[in-house]
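J.: Dumping the structure here so I can ask a few things about it.
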Amino acid sequence: MTTIYLISNNCFMNDKIIYKDYIDFDEKRKYQPLTINGEKIALTIAKRKKLQDIDAIYSSTFFSSINTAKYLVDKLNIDLIVDKRLDNRLVGNLTDSNINLRNLQEHDFDYKLDGGESLNDVKSRMIDIMKEILRNHEDSKIAVFTHNVPIISLLTVWCEKGFNYEEKLILNYNENVIIDGLKNDYNVIELNYEKEKLLSIKK
């Protein structure tokens with residue numbers, strides 16, 4: 001059996017940073033550092049019992065993802081494999097700051113802004129890298145540090161979609177809530193496979 005842990009750390013700085021030179025929205029997101037609490041969460045994740053016998057560690061190219069993975073990398077003394085297919089969704093040309101992109105995209109997985117990605121675009125690249133990980137690490141345990149949007153997009157392959165009273169996406173697997181629409185400091189989702197066949201999902 002192969003086990004993949006999808007991990008996101010959602011405590012990163014989105015204000016208190018002033019750029020002297022112009023930098024576009026997507027680039028700002030890529031270089032967001034973790035908050036102090038985010039660093040503590042990263043250390044907590046690295047201490048989790050189920051992650052002590054990990055065979056390989058993957059990360060997106062985002063600073064928040066790499067900086068979360070670094071504690072587990074250091075603890076286990078193994079290499080970090082960085083792959084842009086694990087990156088957060090490319091937002092694109094966000095000309096209207098009042099637009100609720102999350103709501104629009106969760107209700108229409110093909111919706112995207114000019115120069116951005118739809119959730120189906122993100123799902124496609126996540127499926128691609130997951131298949132590659134499964135081929136390269138059969139009967140292993142893998143930690144994958146990524147972001148909420150890629151995780152949610154991937155999970156819709158197997159999960160039933162619904163919405164809460166705030167119209168935020170909820171994902172259920174075998175009548176268990178995996179994504180509840182609420183903002184959590186971090187998420188760890190366990191996927192168990194037999195070769196490339198999914199056996200279970202656990203939050």
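Ligands are numbered from 1 in the order shown, residues from 1 within each chain, and chains are lettered A, B, ... in the order they appear in the structure tokens.
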Can you check which parts of region 72-166 of chain A lie within 12 Å of region 181-187 of chain A? Per residue, the shortest pair of atoms and distance in Å to one decimal, counting only C-alpha atoms, sorted by chain and number, as a tab-separated table.
T.:
```
residue	atom	partner	partner_atom	distance
A:Arg102	CA	A:Gly181	CA	11.0
A:Asn103	CA	A:Gly181	CA	10.9
A:Glu106	CA	A:Gly181	CA	10.6
A:Val144	CA	A:Asn187	CA	11.4
A:Phe145	CA	A:Asn187	CA	10.0
A:Thr146	CA	A:Asn187	CA	10.0
A:His147	CA	A:Asn187	CA	8.9
A:Asn148	CA	A:Asn187	CA	7.9
A:Val149	CA	A:Asn187	CA	11.6
A:Ile151	CA	A:Asn187	CA	9.4
A:Ile152	CA	A:Gly181	CA	10.2
A:Lys161	CA	A:Gly181	CA	10.9
A:Gly162	CA	A:Gly181	CA	9.6
A:Phe163	CA	A:Gly181	CA	7.8
A:Asn164	CA	A:Gly181	CA	7.0
A:Tyr165	CA	A:Gly181	CA	9.8
A:Glu166	CA	A:Gly181	CA	8.6
```
J.: Select from chain A everything DSSP, run on the backbone, classes as strand (DSSP E), then give the selection as a PDB file with N, CA and C atoms, in the first residue's frame.
T.:
```pdb
ATOM      1  N   THR A   2       0.447   2.256  -0.726  1.00  0.00           N
ATOM      2  CA  THR A   2       1.141   3.543  -0.764  1.00  0.00           C
ATOM      3  C   THR A   2       0.273   4.587  -0.067  1.00  0.00           C
ATOM      4  N   THR A   3       0.888   5.370   0.809  1.00  0.00           N
ATOM      5  CA  THR A   3       0.170   6.419   1.536  1.00  0.00           C
ATOM      6  C   THR A   3       0.747   7.778   1.170  1.00  0.00           C
ATOM      7  N   ILE A   4      -0.136   8.688   0.783  1.00  0.00           N
ATOM      8  CA  ILE A   4       0.279  10.059   0.478  1.00  0.00           C
ATOM      9  C   ILE A   4      -0.430  11.006   1.434  1.00  0.00           C
ATOM     10  N   TYR A   5       0.343  11.858   2.081  1.00  0.00           N
ATOM     11  CA  TYR A   5      -0.214  12.884   2.953  1.00  0.00           C
ATOM     12  C   TYR A   5      -0.172  14.228   2.221  1.00  0.00           C
ATOM     13  N   LEU A   6      -1.340  14.799   1.972  1.00  0.00           N
ATOM     14  CA  LEU A   6      -1.438  16.128   1.373  1.00  0.00           C
ATOM     15  C   LEU A   6      -1.492  17.150   2.499  1.00  0.00           C
ATOM     16  N   ILE A   7      -0.532  18.065   2.522  1.00  0.00           N
ATOM     17  CA  ILE A   7      -0.370  18.974   3.656  1.00  0.00           C
ATOM     18  C   ILE A   7      -0.389  20.421   3.190  1.00  0.00           C
ATOM     19  N   SER A   8      -1.193  21.248   3.847  1.00  0.00           N
ATOM     20  CA  SER A   8      -1.180  22.689   3.571  1.00  0.00           C
ATOM     21  C   SER A   8      -1.053  23.449   4.889  1.00  0.00           C
ATOM     22  N   ASN A   9      -0.234  24.485   4.873  1.00  0.00           N
ATOM     23  CA  ASN A   9      -0.080  25.389   6.015  1.00  0.00           C
ATOM     24  C   ASN A   9      -0.672  26.723   5.580  1.00  0.00           C
ATOM     25  N   ALA A  56       9.620   9.949   1.127  1.00  0.00           N
ATOM     26  CA  ALA A  56       9.934  11.034   0.193  1.00  0.00           C
ATOM     27  C   ALA A  56       9.078  12.240   0.537  1.00  0.00           C
ATOM     28  N   ILE A  57       9.631  13.430   0.275  1.00  0.00           N
ATOM     29  CA  ILE A  57       8.923  14.681   0.577  1.00  0.00           C
ATOM     30  C   ILE A  57       8.900  15.548  -0.673  1.00  0.00           C
ATOM     31  N   TYR A  58       7.709  15.999  -1.035  1.00  0.00           N
ATOM     32  CA  TYR A  58       7.514  16.891  -2.175  1.00  0.00           C
ATOM     33  C   TYR A  58       6.975  18.233  -1.691  1.00  0.00           C
ATOM     34  N   SER A  59       7.245  19.277  -2.470  1.00  0.00           N
ATOM     35  CA  SER A  59       6.724  20.603  -2.144  1.00  0.00           C
ATOM     36  C   SER A  59       6.447  21.387  -3.420  1.00  0.00           C
ATOM     37  N   LEU A  80      14.305  17.274  -0.421  1.00  0.00           N
ATOM     38  CA  LEU A  80      13.015  17.865  -0.741  1.00  0.00           C
ATOM     39  C   LEU A  80      12.898  17.977  -2.262  1.00  0.00           C
ATOM     40  N   ILE A  81      11.856  17.382  -2.816  1.00  0.00           N
ATOM     41  CA  ILE A  81      11.612  17.434  -4.259  1.00  0.00           C
ATOM     42  C   ILE A  81      10.599  18.551  -4.522  1.00  0.00           C
ATOM     43  N   VAL A  82      11.025  19.601  -5.217  1.00  0.00           N
ATOM     44  CA  VAL A  82      10.173  20.759  -5.479  1.00  0.00           C
ATOM     45  C   VAL A  82       9.617  20.663  -6.897  1.00  0.00           C
ATOM     46  N   LYS A 141       5.571   5.807   1.893  1.00  0.00           N
ATOM     47  CA  LYS A 141       4.811   6.900   2.508  1.00  0.00           C
ATOM     48  C   LYS A 141       5.399   8.218   2.021  1.00  0.00           C
ATOM     49  N   ILE A 142       4.531   9.094   1.488  1.00  0.00           N
ATOM     50  CA  ILE A 142       4.985  10.321   0.855  1.00  0.00           C
ATOM     51  C   ILE A 142       4.288  11.514   1.499  1.00  0.00           C
ATOM     52  N   ALA A 143       5.056  12.537   1.810  1.00  0.00           N
ATOM     53  CA  ALA A 143       4.495  13.799   2.294  1.00  0.00           C
ATOM     54  C   ALA A 143       4.527  14.803   1.146  1.00  0.00           C
ATOM     55  N   VAL A 144       3.378  15.389   0.846  1.00  0.00           N
ATOM     56  CA  VAL A 144       3.261  16.346  -0.248  1.00  0.00           C
ATOM     57  C   VAL A 144       2.785  17.685   0.328  1.00  0.00           C
ATOM     58  N   PHE A 145       3.677  18.667   0.326  1.00  0.00           N
ATOM     59  CA  PHE A 145       3.351  19.990   0.859  1.00  0.00           C
ATOM     60  C   PHE A 145       2.858  20.872  -0.288  1.00  0.00           C
ATOM     61  N   THR A 146       1.586  21.230  -0.223  1.00  0.00           N
ATOM     62  CA  THR A 146       0.971  22.009  -1.287  1.00  0.00           C
ATOM     63  C   THR A 146       0.028  23.033  -0.658  1.00  0.00           C
ATOM     64  N   GLU A 160     -17.780  13.710  -2.982  1.00  0.00           N
ATOM     65  CA  GLU A 160     -19.066  14.318  -3.331  1.00  0.00           C
ATOM     66  C   GLU A 160     -19.033  15.796  -2.953  1.00  0.00           C
ATOM     67  N   LYS A 161     -19.467  16.652  -3.877  1.00  0.00           N
ATOM     68  CA  LYS A 161     -19.445  18.100  -3.635  1.00  0.00           C
ATOM     69  C   LYS A 161     -20.776  18.590  -3.085  1.00  0.00           C
ATOM     70  N   GLY A 162     -20.667  19.584  -2.178  1.00  0.00           N
ATOM     71  CA  GLY A 162     -21.846  20.265  -1.643  1.00  0.00           C
ATOM     72  C   GLY A 162     -21.425  21.652  -1.186  1.00  0.00           C
ATOM     73  N   PHE A 163     -22.362  22.405  -0.632  1.00  0.00           N
ATOM     74  CA  PHE A 163     -22.058  23.757  -0.176  1.00  0.00           C
ATOM     75  C   PHE A 163     -22.709  24.010   1.178  1.00  0.00           C
ATOM     76  N   LEU A 169     -17.557  25.507  -0.540  1.00  0.00           N
ATOM     77  CA  LEU A 169     -17.524  24.113  -0.959  1.00  0.00           C
ATOM     78  C   LEU A 169     -17.256  23.159   0.208  1.00  0.00           C
ATOM     79  N   ILE A 170     -18.021  22.086   0.243  1.00  0.00           N
ATOM     80  CA  ILE A 170     -17.827  21.004   1.209  1.00  0.00           C
ATOM     81  C   ILE A 170     -17.609  19.719   0.413  1.00  0.00           C
ATOM     82  N   LEU A 171     -16.635  18.912   0.841  1.00  0.00           N
ATOM     83  CA  LEU A 171     -16.358  17.644   0.177  1.00  0.00           C
ATOM     84  C   LEU A 171     -16.557  16.489   1.149  1.00  0.00           C
ATOM     85  N   ASN A 172     -17.310  15.487   0.711  1.00  0.00           N
ATOM     86  CA  ASN A 172     -17.575  14.301   1.527  1.00  0.00           C
ATOM     87  C   ASN A 172     -17.065  13.061   0.813  1.00  0.00           C
ATOM     88  N   TYR A 173     -16.494  12.146   1.614  1.00  0.00           N
ATOM     89  CA  TYR A 173     -16.038  10.867   1.073  1.00  0.00           C
ATOM     90  C   TYR A 173     -16.593   9.764   1.953  1.00  0.00           C
ATOM     91  N   ASN A 176     -18.176  10.899   5.110  1.00  0.00           N
ATOM     92  CA  ASN A 176     -17.329  11.610   6.069  1.00  0.00           C
ATOM     93  C   ASN A 176     -16.896  12.943   5.458  1.00  0.00           C
ATOM     94  N   VAL A 177     -16.983  14.011   6.250  1.00  0.00           N
ATOM     95  CA  VAL A 177     -16.596  15.331   5.770  1.00  0.00           C
ATOM     96  C   VAL A 177     -15.068  15.417   5.723  1.00  0.00           C
ATOM     97  N   ILE A 178     -14.524  15.707   4.548  1.00  0.00           N
ATOM     98  CA  ILE A 178     -13.082  15.851   4.372  1.00  0.00           C
ATOM     99  C   ILE A 178     -12.707  17.334   4.324  1.00  0.00           C
ATOM    100  N   ILE A 179     -13.465  18.114   3.576  1.00  0.00           N
ATOM    101  CA  ILE A 179     -13.296  19.569   3.502  1.00  0.00           C
ATOM    102  C   ILE A 179     -14.605  20.192   3.965  1.00  0.00           C
ATOM    103  N   TYR A 186      -4.126  24.626   9.323  1.00  0.00           N
ATOM    104  CA  TYR A 186      -3.441  23.699   8.422  1.00  0.00           C
ATOM    105  C   TYR A 186      -4.320  22.483   8.179  1.00  0.00           C
ATOM    106  N   ASN A 187      -4.008  21.755   7.120  1.00  0.00           N
ATOM    107  CA  ASN A 187      -4.729  20.536   6.787  1.00  0.00           C
ATOM    108  C   ASN A 187      -3.748  19.411   6.497  1.00  0.00           C
ATOM    109  N   VAL A 188      -4.085  18.222   6.952  1.00  0.00           N
ATOM    110  CA  VAL A 188      -3.352  17.012   6.583  1.00  0.00           C
ATOM    111  C   VAL A 188      -4.382  15.983   6.133  1.00  0.00           C
ATOM    112  N   ILE A 189      -4.325  15.624   4.864  1.00  0.00           N
ATOM    113  CA  ILE A 189      -5.270  14.652   4.293  1.00  0.00           C
ATOM    114  C   ILE A 189      -4.494  13.402   3.898  1.00  0.00           C
ATOM    115  N   GLU A 190      -4.936  12.262   4.391  1.00  0.00           N
ATOM    116  CA  GLU A 190      -4.258  10.984   4.111  1.00  0.00           C
ATOM    117  C   GLU A 190      -4.980  10.228   2.993  1.00  0.00           C
ATOM    118  N   LEU A 191      -4.235   9.906   1.948  1.00  0.00           N
ATOM    119  CA  LEU A 191      -4.753   9.095   0.844  1.00  0.00           C
ATOM    120  C   LEU A 191      -4.038   7.753   0.836  1.00  0.00           C
ATOM    121  N   ASN A 192      -4.793   6.672   0.813  1.00  0.00           N
ATOM    122  CA  ASN A 192      -4.207   5.336   0.749  1.00  0.00           C
ATOM    123  C   ASN A 192      -4.547   4.677  -0.587  1.00  0.00           C
ATOM    124  N   TYR A 193      -3.515   4.117  -1.220  1.00  0.00           N
ATOM    125  CA  TYR A 193      -3.659   3.525  -2.553  1.00  0.00           C
ATOM    126  C   TYR A 193      -3.149   2.085  -2.573  1.00  0.00           C
ATOM    127  N   GLU A 194      -3.723   1.300  -3.463  1.00  0.00           N
ATOM    128  CA  GLU A 194      -3.143   0.029  -3.873  1.00  0.00           C
ATOM    129  C   GLU A 194      -2.766   0.217  -5.333  1.00  0.00           C
ATOM    130  N   LYS A 197      -4.923   2.699  -7.471  1.00  0.00           N
ATOM    131  CA  LYS A 197      -6.327   2.662  -7.074  1.00  0.00           C
ATOM    132  C   LYS A 197      -6.486   3.227  -5.675  1.00  0.00           C
ATOM    133  N   LEU A 198      -7.313   4.270  -5.533  1.00  0.00           N
ATOM    134  CA  LEU A 198      -7.541   4.858  -4.216  1.00  0.00           C
ATOM    135  C   LEU A 198      -8.362   3.914  -3.350  1.00  0.00           C
ATOM    136  N   LEU A 199      -7.900   3.713  -2.113  1.00  0.00           N
ATOM    137  CA  LEU A 199      -8.604   2.859  -1.160  1.00  0.00           C
ATOM    138  C   LEU A 199      -9.374   3.663  -0.128  1.00  0.00           C
ATOM    139  N   SER A 200      -8.779   4.787   0.323  1.00  0.00           N
ATOM    140  CA  SER A 200      -9.441   5.574   1.367  1.00  0.00           C
ATOM    141  C   SER A 200      -8.895   6.984   1.429  1.00  0.00           C
ATOM    142  N   ILE A 201      -9.696   7.883   1.991  1.00  0.00           N
ATOM    143  CA  ILE A 201      -9.300   9.257   2.284  1.00  0.00           C
ATOM    144  C   ILE A 201      -9.633   9.529   3.736  1.00  0.00           C
ATOM    145  N   LYS A 202      -8.681  10.070   4.476  1.00  0.00           N
ATOM    146  CA  LYS A 202      -8.898  10.424   5.880  1.00  0.00           C
ATOM    147  C   LYS A 202      -8.384  11.832   6.141  1.00  0.00           C
TER     148      LYS A 202
END
```
J.: If we count only C-alpha atoms, what is near region 74-78 of chain A at a cut-off of 10 Å, once residues fewer than 3 positions away on the same chain are taken out, given as JSON, numbers by chain?
T.: {"A": [43, 46, 47, 51, 52, 53, 54, 55, 56, 57, 69, 70, 71, 81]}
J.: Write out the residues from the selection above, keeping C-alpha atoms, as a tab-separated table (two decimals), in the first residue's frame.
T.:
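This is the output file selection_15.tsv:
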```tsv
chain	number	residue	atom	x	y	z
A	43	LEU	CA	7.22	22.38	13.47
A	46	ALA	CA	7.03	17.65	11.49
A	47	LYS	CA	6.44	16.05	14.90
A	51	LEU	CA	5.05	11.37	9.43
A	52	GLN	CA	8.08	9.87	11.16
A	53	ASP	CA	8.64	7.11	8.58
A	54	ILE	CA	8.12	9.15	5.41
A	55	ASP	CA	10.12	7.93	2.41
A	56	ALA	CA	9.93	11.03	0.19
A	57	ILE	CA	8.92	14.68	0.58
A	69	ALA	CA	8.39	21.19	4.58
A	70	LYS	CA	11.86	22.19	5.80
A	71	TYR	CA	11.25	20.98	9.38
A	81	ILE	CA	11.61	17.43	-4.26
```
J.: Excluding Thr61 (chain A) and residues on its chain fewer than 5 positions from it, collect all residues at most 9 Å away from it, counting only C-alpha atoms, and give them as a list of chain:residue names.
T.: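 Returned residues: A:Lys30, A:Ile66, A:Val82, A:Asp83, A:Lys84, A:Arg85, A:Leu86, A:Asp87, A:Asn88, A:Thr146.
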J.: To one decimal place in Å, what is the distance between CA of Lys203 (chain A) and CA of Arg135 (chain A)?
T.: 23.6 Å
J.: May I ask which of the residues A:Tyr31, A:Tyr22, A:Phe109, A:Phe12 is the closest one to Thr156 (chain A), counting only C-alpha atoms?
T.: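 Residue with the minimum atom-to-atom distance to Thr156 (chain A): A:Phe109.
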J.: Quick one: distance from CA of Ile45 (chain A) to CA of Val73 (chain A) in Å, one decimal?
T.: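 Between CA of Ile45 (chain A) and CA of Val73 (chain A) the gap works out to 11.4 Å.
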J.: Mind giving me the straight-line distance from CA of Ser65 (chain A) to CA of Lys40 (chain A) in Å, one decimal?
T.: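 Going from CA of Ser65 (chain A) over to CA of Lys40 (chain A) covers 13.7 Å.
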J.: Can you tell me, as number ranges by chain, which residues in region 23-93 of chain A count as helix (DSSP H, G or I) by DSSP?
T.: A: 25-30, 36-46, 49-51, 63-76, 84-86
J.: Give me, as a PyMOL selection string, all polymer residues having an atom no more than 12 Å from Lys28 (chain A), counting only C-alpha atoms and skipping those fewer than 3 positions away in the same chain.
T.: chain A and resi 12-15+17-19+21-25+31-33+62-64+90-91
